[in-house]
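Chemist: Quick one, protein34.csv (CSV, C-alpha atoms):
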chain,number,residue,atom,x,y,z
A,431,MET,CA,205.0,106.0,-78.9
A,432,LEU,CA,204.8,103.0,-76.5
A,433,GLU,CA,203.7,100.8,-79.4
A,434,GLN,CA,206.8,101.6,-81.5
A,435,GLU,CA,209.0,101.3,-78.4
A,436,LEU,CA,207.6,97.8,-77.8
A,437,LYS,CA,208.2,96.8,-81.4
A,438,ASN,CA,211.8,98.0,-81.1
A,439,ILE,CA,212.4,96.0,-78.0
A,440,TRP,CA,210.9,93.0,-79.6
A,441,LYS,CA,212.9,93.4,-82.8
A,442,SER,CA,216.2,93.8,-80.9
A,443,SER,CA,215.6,90.6,-79.0
A,444,SER,CA,217.2,88.6,-81.8
A,445,GLU,CA,220.5,90.6,-81.5
A,446,ILE,CA,221.5,88.5,-78.5
A,447,GLU,CA,222.9,85.8,-80.8
A,448,ARG,CA,224.3,85.8,-84.3
A,449,ILE,CA,223.1,82.9,-86.3
A,450,LYS,CA,225.4,81.5,-88.9
A,451,PHE,CA,224.7,78.8,-91.4
A,452,ASP,CA,227.3,76.6,-92.9
A,453,LEU,CA,225.5,76.4,-96.2
A,454,SER,CA,227.8,73.7,-97.6
A,455,ARG,CA,226.8,71.4,-94.8
A,456,LEU,CA,223.2,72.5,-94.1
A,457,MET,CA,221.5,70.5,-96.8
A,458,MET,CA,223.5,67.4,-95.8
A,459,ASP,CA,222.6,67.9,-92.1
A,460,LEU,CA,218.9,68.3,-93.0
A,461,ASN,CA,219.0,65.2,-95.2
A,462,ASP,CA,220.7,63.2,-92.4
A,463,LYS,CA,218.1,64.4,-89.9
A,464,MET,CA,215.2,63.4,-92.2
A,465,LYS,CA,216.8,59.9,-92.8
A,466,GLY,CA,217.3,59.5,-89.0
A,467,LEU,CA,213.7,60.3,-88.3
A,468,GLU,CA,212.4,58.1,-91.1
A,469,ARG,CA,214.5,55.2,-89.7
A,470,ALA,CA,213.0,55.8,-86.2
A,471,ILE,CA,209.5,55.8,-87.7
A,472,ARG,CA,210.2,52.5,-89.6
A,473,ARG,CA,211.6,51.0,-86.4
A,474,ARG,CA,208.4,52.0,-84.5
A,475,ASP,CA,206.2,50.6,-87.3
A,476,ARG,CA,208.1,47.3,-87.2
A,477,ARG,CA,207.7,47.1,-83.4
A,478,GLU,CA,204.0,47.6,-83.7
A,479,ILE,CA,203.6,44.6,-86.0
A,480,GLY,CA,206.5,42.6,-84.4
A,481,ALA,CA,204.4,40.7,-81.8
A,482,ALA,CA,201.9,39.7,-84.5
A,483,VAL,CA,204.7,38.4,-86.8
A,484,ILE,CA,206.2,36.4,-84.0
A,485,GLY,CA,202.8,35.0,-83.0
A,486,ILE,CA,202.0,33.5,-86.4
A,487,PRO,CA,204.7,30.8,-86.6
A,488,LEU,CA,204.1,30.0,-82.9
A,489,PHE,CA,200.4,29.3,-83.4
A,490,ALA,CA,201.2,27.6,-86.8
A,491,TYR,CA,203.4,25.2,-84.9
A,492,LEU,CA,200.7,24.6,-82.3
A,493,ALA,CA,198.1,24.0,-85.0
A,494,TYR,CA,200.4,21.5,-86.6
A,495,GLU,CA,201.5,19.8,-83.4
A,496,LEU,CA,198.3,19.6,-81.3
A,497,PRO,CA,196.1,16.6,-82.1
A,498,PHE,CA,193.0,18.0,-80.4
A,499,PRO,CA,190.6,19.4,-83.0
A,500,ILE,CA,189.1,22.3,-80.9
A,501,ALA,CA,192.6,23.4,-79.8
A,502,ARG,CA,193.9,23.1,-83.3
A,503,LEU,CA,191.0,25.2,-84.6
A,504,ALA,CA,191.7,27.8,-81.9
A,505,ALA,CA,195.3,28.0,-83.0
A,506,LEU,CA,194.3,28.5,-86.6
A,507,LEU,CA,191.9,31.2,-85.6
A,508,ASN,CA,194.6,32.9,-83.6
A,509,ILE,CA,196.7,33.0,-86.8
A,510,GLY,CA,193.8,34.7,-88.5
A,511,HIS,CA,193.6,37.2,-85.7
A,512,PHE,CA,197.3,38.0,-86.0
A,513,ILE,CA,196.9,38.6,-89.7
A,514,TYR,CA,194.0,40.9,-89.0
A,515,LEU,CA,196.2,42.8,-86.5
A,516,ILE,CA,199.0,43.2,-89.1
A,517,VAL,CA,196.6,44.5,-91.7
A,518,LYS,CA,195.0,46.9,-89.2
A,519,PHE,CA,198.4,48.2,-88.0
A,520,ARG,CA,199.6,48.7,-91.6
A,521,ARG,CA,196.4,50.5,-92.5
A,522,MET,CA,196.7,52.7,-89.5
A,523,GLN,CA,200.3,53.6,-90.4
A,524,LYS,CA,199.3,54.5,-93.9
A,525,LYS,CA,196.3,56.5,-92.7
A,526,LYS,CA,198.5,58.7,-90.4
A,527,ARG,CA,198.8,62.0,-92.2
A,528,PRO,CA,202.0,64.0,-91.6
A,529,VAL,CA,201.7,67.2,-89.8
A,530,ASP,CA,201.4,70.2,-92.2
A,531,PHE,CA,203.5,72.8,-90.5
A,532,ALA,CA,202.7,75.3,-93.3
A,533,ALA,CA,199.0,75.2,-92.5
A,534,SER,CA,197.5,78.0,-90.5
A,535,PHE,CA,197.7,77.9,-86.7
A,536,THR,CA,194.1,76.9,-86.2
A,537,GLU,CA,194.0,74.4,-89.0
A,538,GLN,CA,197.1,72.7,-87.6
A,539,LEU,CA,195.6,72.5,-84.1
A,540,ASP,CA,192.3,71.1,-85.6
A,541,HIS,CA,194.2,68.5,-87.5
A,542,GLN,CA,196.2,67.5,-84.5
A,543,LYS,CA,193.0,67.3,-82.4
A,544,SER,CA,191.3,65.0,-84.9
A,545,GLY,CA,194.3,62.8,-85.1
A,546,MET,CA,194.4,62.4,-81.3
A,547,GLN,CA,190.6,61.8,-81.2
A,548,GLU,CA,191.2,59.0,-83.6
A,549,GLN,CA,193.9,57.6,-81.3
A,550,VAL,CA,191.5,57.8,-78.3
A,551,ARG,CA,188.9,55.8,-80.2
A,552,LEU,CA,191.4,53.2,-81.1
A,553,LEU,CA,192.9,52.8,-77.6
A,554,ASP,CA,189.6,53.0,-75.9
A,555,SER,CA,188.3,50.1,-78.0
A,556,VAL,CA,191.4,47.9,-77.5
A,557,LEU,CA,189.4,45.5,-75.5
A,558,TRP,CA,187.2,44.6,-78.5
A,559,TRP,CA,189.8,44.3,-81.3
A,560,TYR,CA,193.1,43.5,-79.5
A,561,VAL,CA,192.3,41.8,-76.3
A,562,LEU,CA,189.0,39.9,-76.2
A,563,PRO,CA,189.4,37.9,-79.5
A,564,PRO,CA,192.8,36.4,-78.6
A,565,TYR,CA,191.7,35.9,-75.0
A,566,LEU,CA,188.6,33.9,-76.0
A,567,LEU,CA,190.6,32.0,-78.6
A,568,ASN,CA,193.2,31.1,-76.0
A,569,ILE,CA,190.5,29.9,-73.6
A,570,MET,CA,189.2,27.8,-76.5
A,571,LEU,CA,192.7,26.5,-77.1
A,572,ILE,CA,193.4,25.7,-73.5
A,573,ALA,CA,190.0,24.1,-72.9
A,574,GLY,CA,190.3,22.1,-76.1
A,575,ILE,CA,193.4,20.3,-74.9
A,576,GLY,CA,192.4,16.8,-74.1
A,577,ASP,CA,194.1,13.8,-72.6
A,578,PRO,CA,197.3,13.2,-74.5
A,579,ALA,CA,197.1,9.4,-73.9
A,580,THR,CA,193.8,9.2,-75.8
A,581,TYR,CA,195.5,10.6,-78.9
A,582,ASP,CA,198.6,8.6,-78.3
A,583,TRP,CA,200.4,11.9,-78.4
A,584,ALA,CA,204.0,12.1,-77.0
A,585,PRO,CA,205.9,15.0,-78.6
A,586,LEU,CA,208.1,17.5,-76.9
A,587,LEU,CA,205.2,19.9,-76.4
A,588,LYS,CA,203.4,17.4,-74.2
A,589,ASP,CA,205.0,18.6,-70.9
A,590,SER,CA,204.3,22.3,-71.7
A,591,VAL,CA,200.6,22.2,-72.4
A,592,PRO,CA,198.1,22.3,-69.5
A,593,VAL,CA,196.3,19.0,-69.2
A,594,MET,CA,194.9,19.1,-65.7
A,595,ALA,CA,191.9,21.3,-64.9
A,596,THR,CA,193.8,23.2,-62.3
A,597,GLU,CA,196.6,24.0,-64.7
A,598,LYS,CA,194.1,25.1,-67.3
A,599,ILE,CA,192.3,27.4,-64.9
A,600,THR,CA,195.6,28.9,-63.6
A,601,MET,CA,196.7,29.6,-67.2
A,602,ILE,CA,193.4,31.2,-68.1
A,603,ILE,CA,193.5,33.4,-65.0
A,604,GLY,CA,197.1,34.3,-65.8
A,605,LEU,CA,196.2,35.3,-69.4
A,606,GLY,CA,193.2,37.2,-68.1
A,607,ILE,CA,195.5,39.3,-65.8
A,608,PHE,CA,197.9,39.9,-68.7
A,609,TYR,CA,195.1,41.1,-71.0
A,610,ALA,CA,193.5,43.2,-68.3
A,611,LEU,CA,196.9,44.9,-67.9
A,612,ILE,CA,197.0,45.7,-71.6
A,613,VAL,CA,193.5,47.3,-71.4
A,614,TRP,CA,194.4,49.2,-68.3
A,615,MET,CA,197.6,50.6,-69.8
A,616,ASN,CA,195.8,51.8,-72.9
A,617,LYS,CA,193.0,53.4,-70.9
A,618,ARG,CA,195.6,55.0,-68.8
A,619,ALA,CA,197.4,56.5,-71.9
A,620,VAL,CA,194.0,57.9,-73.0
A,621,LYS,CA,193.3,59.4,-69.6
A,622,LYS,CA,196.7,60.7,-68.7
A,623,THR,CA,198.1,61.7,-72.1
A,624,LEU,CA,195.7,62.0,-74.9
A,625,LYS,CA,192.6,63.5,-73.3
A,626,PRO,CA,194.6,66.2,-71.4
A,627,THR,CA,196.4,67.1,-74.6
A,628,ILE,CA,193.0,67.3,-76.5
A,629,SER,CA,191.7,69.6,-73.7
A,630,GLU,CA,194.9,71.8,-74.1
A,631,ILE,CA,194.3,72.1,-77.8
A,632,ASP,CA,190.6,72.9,-77.2
A,633,ARG,CA,191.6,75.5,-74.7
A,634,VAL,CA,193.9,77.2,-77.2
A,635,LEU,CA,191.3,77.0,-80.0
A,636,LEU,CA,188.7,78.5,-77.8
A,637,GLN,CA,191.1,81.3,-76.8
A,638,LEU,CA,191.6,82.1,-80.5
A,639,GLU,CA,187.9,81.9,-81.4
A,640,SER,CA,186.7,83.9,-78.5
A,641,LYS,CA,186.5,87.7,-78.9
A,642,ASP,CA,186.7,88.4,-75.2
B,1149,MET,CA,203.2,89.3,-111.2
B,1150,GLN,CA,204.5,86.6,-108.8
B,1151,GLN,CA,208.2,86.8,-107.9
B,1152,PRO,CA,210.3,83.8,-108.8
B,1153,LYS,CA,210.9,81.5,-105.8
B,1154,LYS,CA,214.1,82.2,-103.9
B,1155,PRO,CA,216.4,79.3,-103.0
B,1156,PHE,CA,215.7,77.9,-99.5
B,1157,GLU,CA,219.1,79.1,-98.2
B,1158,GLN,CA,218.2,82.6,-99.2
B,1159,VAL,CA,214.8,82.5,-97.6
B,1160,LEU,CA,216.4,81.2,-94.4
B,1161,GLU,CA,219.1,83.9,-94.4
B,1162,ASP,CA,216.5,86.6,-94.9
B,1163,ASN,CA,214.2,85.5,-92.2
B,1164,LYS,CA,216.5,84.0,-89.5
B,1165,GLU,CA,216.0,86.8,-87.0
B,1166,LYS,CA,212.2,86.6,-87.3
B,1167,ILE,CA,212.3,82.8,-86.6
B,1168,TYR,CA,214.8,83.3,-83.7
B,1169,ARG,CA,212.6,85.9,-82.0
B,1170,ILE,CA,209.6,83.6,-82.0
B,1171,CYS,CA,211.6,80.7,-80.8
B,1172,ARG,CA,213.2,82.8,-78.0
B,1173,VAL,CA,209.8,83.9,-76.6
B,1174,TYR,CA,208.4,80.3,-76.7
B,1175,ALA,CA,211.5,78.5,-75.3
B,1176,VAL,CA,211.0,77.3,-71.8
B,1177,THR,CA,213.6,75.3,-70.0
B,1178,PRO,CA,214.6,72.6,-70.8
B,1179,VAL,CA,213.8,73.5,-74.4
B,1180,GLU,CA,216.3,76.1,-75.7
B,1181,PRO,CA,215.5,78.7,-78.4
B,1182,GLN,CA,218.2,77.0,-80.5
B,1183,ASP,CA,216.4,73.6,-80.4
B,1184,LEU,CA,213.2,75.3,-81.6
B,1185,PHE,CA,215.0,77.2,-84.2
B,1186,GLN,CA,216.6,74.0,-85.6
B,1187,GLU,CA,213.2,72.4,-85.6
B,1188,VAL,CA,211.7,75.3,-87.5
B,1189,VAL,CA,214.5,75.2,-90.1
B,1190,TYR,CA,214.0,71.4,-90.5
B,1191,GLN,CA,210.2,71.7,-90.9
B,1192,ALA,CA,210.6,74.7,-93.3
B,1193,TRP,CA,213.0,72.7,-95.4
B,1194,LYS,CA,210.5,69.8,-95.5
B,1195,SER,CA,207.7,72.1,-96.5
B,1196,PHE,CA,209.7,74.2,-99.0
B,1197,PRO,CA,209.0,72.1,-102.1
B,1198,ALA,CA,205.2,72.6,-101.6
B,1199,PHE,CA,205.6,76.3,-101.0
B,1200,LYS,CA,204.4,78.1,-104.1
B,1201,GLY,CA,205.0,81.6,-102.8
B,1202,GLU,CA,201.4,82.9,-103.0
B,1203,SER,CA,201.3,83.9,-99.3
B,1204,GLY,CA,204.8,85.4,-99.2
B,1205,GLU,CA,207.8,83.6,-97.6
B,1206,GLY,CA,207.4,85.6,-94.3
B,1207,THR,CA,203.8,84.5,-93.8
B,1208,TRP,CA,204.8,81.0,-94.7
B,1209,LEU,CA,207.6,80.9,-92.2
B,1210,TYR,CA,205.6,82.5,-89.4
B,1211,LYS,CA,203.1,79.7,-89.8
B,1212,ILE,CA,205.8,77.1,-89.5
B,1213,ALA,CA,207.5,78.8,-86.6
B,1214,LEU,CA,204.3,79.3,-84.6
B,1215,ASN,CA,203.2,75.7,-85.3
B,1216,VAL,CA,206.5,74.2,-84.2
B,1217,CYS,CA,206.7,76.4,-81.1
B,1218,MET,CA,203.1,75.8,-80.1
B,1219,ARG,CA,203.5,72.0,-80.6
B,1220,ALA,CA,206.6,72.1,-78.4
B,1221,LYS,CA,204.7,74.1,-75.8
B,1222,LEU,CA,201.8,71.6,-75.8
B,1223,LYS,CA,204.3,68.8,-75.8
B,1224,LEU,CA,202.9,67.2,-78.9
B,1225,GLU,CA,206.3,66.2,-80.3
B,1226,LYS,CA,208.2,63.2,-79.1
B,1227,THR,CA,211.5,64.2,-77.4
B,1228,ASP,CA,213.6,62.0,-79.7
B,1229,ASN,CA,212.7,64.3,-82.6
B,1230,LYS,CA,214.8,67.0,-80.9
B,1231,ASN,CA,217.9,64.9,-80.4
B,1232,VAL,CA,219.3,65.4,-83.9
B,1233,ARG,CA,221.3,68.6,-83.8
B,1234,LEU,CA,222.1,70.4,-87.0
B,1235,GLU,CA,225.8,71.2,-86.6
B,1236,SER,CA,225.7,73.5,-89.6
B,1237,ILE,CA,223.7,76.1,-87.7
B,1238,ARG,CA,225.8,78.0,-85.2
B,1239,PHE,CA,224.6,80.4,-82.6
B,1240,MET,CA,227.2,82.9,-81.4
B,1241,PRO,CA,226.4,85.2,-78.4
B,1242,VAL,CA,226.8,88.9,-79.2
B,1243,LYS,CA,227.5,90.9,-76.1
B,1244,SER,CA,228.0,94.5,-77.3
B,1245,ALA,CA,225.1,94.9,-79.6
B,1246,HIS,CA,222.5,93.8,-77.1
B,1247,ASP,CA,223.3,95.6,-73.8
B,1248,GLU,CA,222.0,94.7,-70.4
B,1249,LEU,CA,219.3,97.5,-70.3
B,1250,GLN,CA,217.9,96.3,-73.6
B,1251,GLU,CA,217.8,92.8,-72.3
B,1252,GLU,CA,216.1,93.8,-69.1
B,1253,ARG,CA,213.4,95.6,-71.2
B,1254,TYR,CA,213.0,92.5,-73.4
B,1255,GLN,CA,212.5,90.4,-70.3
B,1256,PHE,CA,209.8,92.8,-69.1
B,1257,LEU,CA,208.1,92.5,-72.5
B,1258,ARG,CA,208.5,88.7,-72.5
B,1259,GLU,CA,207.0,88.5,-69.0
B,1260,CYS,CA,203.9,90.5,-70.2
B,1261,ILE,CA,203.6,88.3,-73.3
B,1262,THR,CA,203.7,85.1,-71.3
B,1263,ARG,CA,201.0,86.4,-68.9
B,1264,LEU,CA,198.6,86.4,-71.9
B,1265,ASN,CA,196.8,83.1,-72.8
B,1266,GLU,CA,198.4,81.0,-75.6
B,1267,GLY,CA,196.0,82.2,-78.2
B,1268,ASP,CA,196.6,85.8,-77.5
B,1269,GLN,CA,200.4,85.2,-77.3
B,1270,SER,CA,200.5,84.1,-80.9
B,1271,LEU,CA,198.6,87.2,-82.0
B,1272,VAL,CA,200.7,89.6,-80.0
B,1273,ILE,CA,203.9,88.1,-81.4
B,1274,LEU,CA,202.7,88.7,-85.0
B,1275,TYR,CA,201.6,92.2,-84.1
B,1276,LEU,CA,205.1,93.0,-82.6
B,1277,GLU,CA,206.5,91.6,-85.9
B,1278,GLU,CA,204.6,94.4,-87.5
B,1279,LEU,CA,202.3,92.1,-89.6
B,1280,ALA,CA,199.2,93.6,-91.0
B,1281,TYR,CA,195.9,92.2,-89.6
B,1282,LYS,CA,195.3,90.6,-93.0
B,1283,GLU,CA,198.6,88.7,-92.6
B,1284,ILE,CA,198.0,87.8,-89.0
B,1285,ALA,CA,194.6,86.4,-90.2
B,1286,LEU,CA,196.4,84.3,-92.8
B,1287,VAL,CA,198.9,82.9,-90.3
B,1288,THR,CA,196.4,82.1,-87.6
B,1289,GLY,CA,193.4,81.1,-89.7
B,1290,LEU,CA,191.1,83.6,-88.1
B,1291,SER,CA,189.2,86.3,-90.0
B,1292,GLU,CA,190.7,89.8,-90.3
B,1293,ASN,CA,187.8,91.3,-88.4
B,1294,HIS,CA,188.2,88.8,-85.6
B,1295,VAL,CA,191.9,89.6,-85.4
B,1296,ALA,CA,191.2,93.3,-85.2
B,1297,VAL,CA,188.7,92.9,-82.4
B,1298,LYS,CA,191.0,90.7,-80.4
B,1299,MET,CA,194.0,92.9,-81.0
B,1300,LYS,CA,192.3,95.9,-79.5
B,1301,ARG,CA,191.8,94.1,-76.2
B,1302,ILE,CA,195.2,92.3,-76.3
B,1303,ARG,CA,197.1,95.6,-76.9
B,1304,LYS,CA,195.4,97.2,-73.9
B,1305,MET,CA,196.4,94.3,-71.7
B,1306,LEU,CA,199.9,94.4,-73.0
B,1307,PHE,CA,200.2,98.2,-72.5
B,1308,ASP,CA,198.7,98.0,-69.0
B,1309,CYS,CA,201.2,95.3,-68.1
B,1310,ILE,CA,204.4,96.9,-69.6
B,1311,THR,CA,203.9,100.6,-68.8
B,1312,PRO,CA,204.7,100.5,-65.1
B,1313,LYS,CA,207.7,98.2,-65.8
B,1314,LEU,CA,209.2,100.4,-68.4
B,1315,GLY,CA,208.7,103.4,-66.1
Can you dump the structure from the file as structure tokens?
Modeler:
Amino acid sequence: MLEQELKNIWKSSSEIERIKFDLSRLMMDLNDKMKGLERAIRRRDRREIGAAVIGIPLFAYLAYELPFPIARLAALLNIGHFIYLIVKFRRMQKKKRPVDFAASFTEQLDHQKSGMQEQVRLLDSVLWWYVLPPYLLNIMLIAGIGDPATYDWAPLLKDSVPVMATEKITMIIGLGIFYALIVWMNKRAVKKTLKPTISEIDRVLLQLESKD
Amino acid sequence: MQQPKKPFEQVLEDNKEKIYRICRVYAVTPVEPQDLFQEVVYQAWKSFPAFKGESGEGTWLYKIALNVCMRAKLKLEKTDNKNVRLESIRFMPVKSAHDELQEERYQFLRECITRLNEGDQSLVILYLEELAYKEIALVTGLSENHVAVKMKRIRKMLFDCITPKLG
């Protein structure tokens, strides 16, 4: 009796609003929404590799302009690292599987969880693949800048590069702070966003699997 | 023999109330049931080409609706996904058909459903939709036996909660 009453209450809950589809426009609307979302994804993908794309010509110019062999080598290696980042980001973008909303509830949650665990691994290791290599290369570049007079070097860049030891140390410390901030921000995203969400998913999965 | 696949618009028209009921129970301010409904329609439209009809359109849509609503609840979606409104879907309030008493009873039921944990909520919603345990198992990915065991306990909790409220 109560069972049927509850089902009736439940079924009548959709009577509060009448839903009407303008079928002639619906397909157009859905297509527009899909295109809008795809554009947003493309913009995000471009943003991810944007910094690396800007960095390549900058370091190419430095490699061309700087007469100091160690600094030049560091600039070239920096270009190599930017190429590595572009390839890595592109691979990551391709690897991302779209959410299968037609999968069962538990499958979808499992899939979401493994995607987020992958992101945690990536962000947690940002120090080793995103921060440390360019930081070491930049130290090498800065330390490799010698006395411009020795190389008879007088281009526009001369006043912008650190020549004195104090300038070099200041720049290395500044870069260190910048890179430390990147590591901190990524660790924070893992701690504040990803891990709590994984715990939430685990909680729901456990609720479903438990017979109590 | 398998039925020929209906056009998407027809599937939507036939199942719109089911989708709306699920969206309504999961919608928590600032997310409106209409936002969730639109997202379900969009995800269903995207999945429709891959839908072969083996599991039945109802089961297929329940999966999508529950997944969309649960993702919204766990805040797995970026908010900008919701900003695109589908103007071709209109929601018109109906006063007479759904009176105040009925609404009050629904609110009691909703309160009791939301007291359950998220996993149990998904099962009880499918139970109220009058799905067989076999279908509930398909939608949730649990075994039929597991669903039966869980439902026994969930039904008791639901009844204990709602009986005093309905008087």
Chemist: To one decimal in Å, tell me the separation between atom CA of A:Pro528 and atom CA of B:Ile1273.
Modeler: 26.2 Å
Chemist: Restrict the calculation to only C-alpha atoms, then for each residue of chain B with any atom at most 6 Å from an atom of chain A give the closest atom pair and their distance in Å to one decimal, rows by chain and rising residue number, as a tab-separated table.
Modeler:
residue	atom	partner	partner_atom	distance
B:Glu1165	CA	A:Ser444	CA	5.6
B:Arg1169	CA	A:Ser444	CA	5.3
B:Lys1211	CA	A:Ala532	CA	5.6
B:Ile1212	CA	A:Phe531	CA	5.0
B:Asn1215	CA	A:Phe531	CA	6.0
B:Leu1234	CA	A:Asp459	CA	5.7
B:Ser1236	CA	A:Asp452	CA	4.8
B:Ile1237	CA	A:Phe451	CA	4.7
B:Arg1238	CA	A:Lys450	CA	5.1
B:Phe1239	CA	A:Ile449	CA	4.7
B:Met1240	CA	A:Arg448	CA	5.0
B:Pro1241	CA	A:Glu447	CA	4.3
B:Val1242	CA	A:Glu447	CA	5.2
B:His1246	CA	A:Ile446	CA	5.6
B:Tyr1254	CA	A:Ile439	CA	5.8
B:Gly1267	CA	A:Leu638	CA	5.0
B:Leu1276	CA	A:Lys437	CA	5.0
B:Val1287	CA	A:Ser534	CA	5.1
B:Thr1288	CA	A:Phe535	CA	4.5
B:Gly1289	CA	A:Ser534	CA	5.2
B:Lys1298	CA	A:Lys641	CA	5.6
Chemist: Can you write just those residues out, C-alpha atoms, as a short mmCIF file (atom, residue, chain, number, x, y, z; two decimals), in the coordinates of the input?
Modeler:
data_model
loop_
_atom_site.label_atom_id
_atom_site.label_comp_id
_atom_site.auth_asym_id
_atom_site.auth_seq_id
_atom_site.Cartn_x
_atom_site.Cartn_y
_atom_site.Cartn_z
CA GLU B 1165 216.00 86.80 -87.00
CA ARG B 1169 212.60 85.90 -82.00
CA LYS B 1211 203.10 79.70 -89.80
CA ILE B 1212 205.80 77.10 -89.50
CA ASN B 1215 203.20 75.70 -85.30
CA LEU B 1234 222.10 70.40 -87.00
CA SER B 1236 225.70 73.50 -89.60
CA ILE B 1237 223.70 76.10 -87.70
CA ARG B 1238 225.80 78.00 -85.20
CA PHE B 1239 224.60 80.40 -82.60
CA MET B 1240 227.20 82.90 -81.40
CA PRO B 1241 226.40 85.20 -78.40
CA VAL B 1242 226.80 88.90 -79.20
CA HIS B 1246 222.50 93.80 -77.10
CA TYR B 1254 213.00 92.50 -73.40
CA GLY B 1267 196.00 82.20 -78.20
CA LEU B 1276 205.10 93.00 -82.60
CA VAL B 1287 198.90 82.90 -90.30
CA THR B 1288 196.40 82.10 -87.60
CA GLY B 1289 193.40 81.10 -89.70
CA LYS B 1298 191.00 90.70 -80.40
#
Chemist: Excluding B:Val1173 and its own-chain neighbours fewer than 4 positions away, which residues fall within 9 Å of it when counting all atoms listed in the file? Please give them as a list in words.
Modeler: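 The residues satisfying every condition are Tyr1168, Arg1169, Pro1181, Arg1258, Ile1261, Thr1262 and Ile1273 of chain B.
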Chemist: Write out, as an mmCIF file, in the frame of the given file, the residues just selected, with C-alpha atoms.
Modeler:
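Saved to part-v1.cif:
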data_model
loop_
_atom_site.group_PDB
_atom_site.id
_atom_site.type_symbol
_atom_site.label_atom_id
_atom_site.label_comp_id
_atom_site.auth_asym_id
_atom_site.auth_seq_id
_atom_site.Cartn_x
_atom_site.Cartn_y
_atom_site.Cartn_z
ATOM 1 C CA TYR B 1168 214.800 83.300 -83.700
ATOM 2 C CA ARG B 1169 212.600 85.900 -82.000
ATOM 3 C CA PRO B 1181 215.500 78.700 -78.400
ATOM 4 C CA ARG B 1258 208.500 88.700 -72.500
ATOM 5 C CA ILE B 1261 203.600 88.300 -73.300
ATOM 6 C CA THR B 1262 203.700 85.100 -71.300
ATOM 7 C CA ILE B 1273 203.900 88.100 -81.400
#
Chemist: Name the residues in contact with A:Glu478 at a cut-off of 10 Å, using only C-alpha atoms, excluding same-chain residues fewer than 2 positions from it; report them as a list in words.
Modeler: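 Result of the neighbour search: Arg472, Arg473, Arg474, Asp475, Arg476, Gly480, Ala481, Ala482, Val483, Leu515, Ile516, Phe519, Arg520 and Gln523 of chain A.
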Chemist: Only C-alpha atoms, please: the residues just picked out, written as a PDB file, in the coordinates of the input.
Modeler:
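Output contents, as saved in again-v5.pdb:
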ATOM      1  CA  ARG A 472     210.200  52.500 -89.600  1.00  0.00           C
ATOM      2  CA  ARG A 473     211.600  51.000 -86.400  1.00  0.00           C
ATOM      3  CA  ARG A 474     208.400  52.000 -84.500  1.00  0.00           C
ATOM      4  CA  ASP A 475     206.200  50.600 -87.300  1.00  0.00           C
ATOM      5  CA  ARG A 476     208.100  47.300 -87.200  1.00  0.00           C
ATOM      6  CA  GLY A 480     206.500  42.600 -84.400  1.00  0.00           C
ATOM      7  CA  ALA A 481     204.400  40.700 -81.800  1.00  0.00           C
ATOM      8  CA  ALA A 482     201.900  39.700 -84.500  1.00  0.00           C
ATOM      9  CA  VAL A 483     204.700  38.400 -86.800  1.00  0.00           C
ATOM     10  CA  LEU A 515     196.200  42.800 -86.500  1.00  0.00           C
ATOM     11  CA  ILE A 516     199.000  43.200 -89.100  1.00  0.00           C
ATOM     12  CA  PHE A 519     198.400  48.200 -88.000  1.00  0.00           C
ATOM     13  CA  ARG A 520     199.600  48.700 -91.600  1.00  0.00           C
ATOM     14  CA  GLN A 523     200.300  53.600 -90.400  1.00  0.00           C
TER      15      GLN A 523
END
Chemist: Would you compute the distance between atom CA of A:Lys622 and atom CA of A:Tyr609? Give it in Å to one decimal.
Modeler: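 Interatomic distance, atom CA of A:Lys622 to atom CA of A:Tyr609: 19.8 Å.
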Chemist: As an exercise, work out the distance from atom CA of A:Trp559 to atom CA of A:Ala610 in Å and give it to one decimal place.
Modeler: 13.6 Å
Chemist: At a cut-off of 10 Å from (194.7, 93.3, -87.0) in the coordinates of the file, what residues are picked up using only C-alpha atoms, written as a PyMOL selection string?
Modeler: chain B and resi 1271-1272+1274-1275+1278-1285+1291-1300
Chemist: What's the 10 Å shell around A:Met522, counting only C-alpha atoms, without same-chain residues fewer than 4 positions away, as a list of chain:residue names?
Modeler: A:Asp475, A:Ile516, A:Val517, A:Lys518, A:Lys526, A:Arg527, A:Gln549, A:Leu552
Chemist: Return the single residue from A:Lys465, A:Ile486, A:Tyr491, A:Met615 that is closest to A:Asp554, with distances computed using all atoms listed in the file.
Modeler: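 Nearest candidate to A:Asp554 out of A:Lys465, A:Ile486, A:Tyr491, A:Met615: A:Met615.
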Chemist: Using all atoms listed in the file for the distances, tell me which of A:Leu507, A:Ile599, A:Val620, A:Ile471 is nearest to A:Ile572.
Modeler: A:Ile599
Chemist: Do you know which residues are at most 12 Å from A:Asp582 counting only C-alpha atoms, after dropping those on the same chain fewer than 5 positions away, and could you put them as a ChimeraX atom specification?
Modeler: /A:496-498,576-577,588
